[in-house]
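What follows is one structure encoded as structure tokens, with my remarks underneath.
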Amino acid sequence: MYKALFDNATEWGHQETSQRELFFSYAEEIGLDMERFEQVYDDPATTQRIEQSAADAEALGVTGTPTFFVDGKPLEPTRVEDLTNPLDTALEG
């Protein structure tokens, strides 16, 4: 499902209305157990997890995905080395 969501993010992202129907079409297309999917989708705990993730992102200043942090510091990689060098340094320390 995560692949379907990322592959189609331009279709559903930044919308002001529910994308339930679209998400259910993705789930059905990839063969998920639709009864279970609906149960989890409608569970208030799912909404709580989403709201907590959004609050965490806001607190960290995250404005989009992907966002990378190493040792609590945000990275803005423009080339592979901008990501691998800080990771290598952190692993050495």
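Residue names in the structure tokens use chain letters A, B, ... in the order shown, residue numbers from 1 in each chain, and ligand numbers from 1 in the order shown.
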For this session: Could you find all residues in chain A that DSSP calls strand (DSSP E) from the backbone, and write them as a PyMOL selection string?
Result: chain A and resi 68-70+73-75
Could you save the residues just selected, with N, CA, C and O atoms, as a PDB file, in the first residue's frame?
ATOM      1  N   PHE A  68      15.332  14.090   6.015  1.00  0.00           N
ATOM      2  CA  PHE A  68      16.345  13.265   6.663  1.00  0.00           C
ATOM      3  C   PHE A  68      16.942  13.999   7.854  1.00  0.00           C
ATOM      4  O   PHE A  68      17.205  15.198   7.783  1.00  0.00           O
ATOM      5  N   PHE A  69      17.171  13.252   8.946  1.00  0.00           N
ATOM      6  CA  PHE A  69      17.839  13.771  10.130  1.00  0.00           C
ATOM      7  C   PHE A  69      18.952  12.808  10.502  1.00  0.00           C
ATOM      8  O   PHE A  69      18.778  11.598  10.433  1.00  0.00           O
ATOM      9  N   VAL A  70      20.091  13.339  10.901  1.00  0.00           N
ATOM     10  CA  VAL A  70      21.178  12.541  11.455  1.00  0.00           C
ATOM     11  C   VAL A  70      21.597  13.222  12.742  1.00  0.00           C
ATOM     12  O   VAL A  70      21.915  14.420  12.750  1.00  0.00           O
ATOM     13  N   LYS A  73      19.891  16.490  13.548  1.00  0.00           N
ATOM     14  CA  LYS A  73      20.086  17.643  12.661  1.00  0.00           C
ATOM     15  C   LYS A  73      19.500  17.331  11.284  1.00  0.00           C
ATOM     16  O   LYS A  73      19.789  16.281  10.709  1.00  0.00           O
ATOM     17  N   PRO A  74      18.706  18.257  10.741  1.00  0.00           N
ATOM     18  CA  PRO A  74      18.134  18.009   9.418  1.00  0.00           C
ATOM     19  C   PRO A  74      19.191  18.091   8.321  1.00  0.00           C
ATOM     20  O   PRO A  74      20.134  18.874   8.410  1.00  0.00           O
ATOM     21  N   LEU A  75      19.042  17.244   7.327  1.00  0.00           N
ATOM     22  CA  LEU A  75      19.922  17.259   6.162  1.00  0.00           C
ATOM     23  C   LEU A  75      19.117  17.708   4.953  1.00  0.00           C
ATOM     24  O   LEU A  75      17.941  17.401   4.835  1.00  0.00           O
TER      25      LEU A  75
END
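Of note, atom CA of A:Phe37 and atom CA of A:Glu21 are spaced 12.3 Å apart.
Shortest separation to A:Gly64 among A:Gly31, A:Glu76, A:Glu11, A:Pro86 occurs at residue A:Glu76, atoms counted being only C-alpha atoms.
Considering the residues A:Leu5, A:Val62, A:Leu87, A:Met34 and counting only C-alpha atoms, A:Leu22 has its shortest atom-to-atom contact with A:Leu5.
With atom CA of A:Glu38 on one side and atom CA of A:Ser25 on the other, the separation reads 11.6 Å.
You will find atom CA of A:Thr67 at 17.4 Å from atom CA of A:Asp7.
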Problem set entry | Spatial neighbours of A:Arg20, max dist 12 Å, only C-alpha atoms, sep filter under 4 positions, as a ChimeraX atom specification | /A:12,15,24-27,37-38,41-42
Problem set entry | Members of chain A assigned helix (DSSP H, G or I) by DSSP, as an MDAnalysis selection string | chainID A and resid 2:7 9:12 20:29 34:42 44:60 81:92
Seminar exercise, completed: Counting only C-alpha atoms, the residue among A:Pro77, A:Thr65, A:Gln39, A:Ala57 that lies closest to A:Ala9 is A:Thr65
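Comparing A:Leu91, A:Leu83, A:Met1, A:Leu60 by their smallest distance to A:Ile30, the closest is A:Met1 (using only C-alpha atoms).
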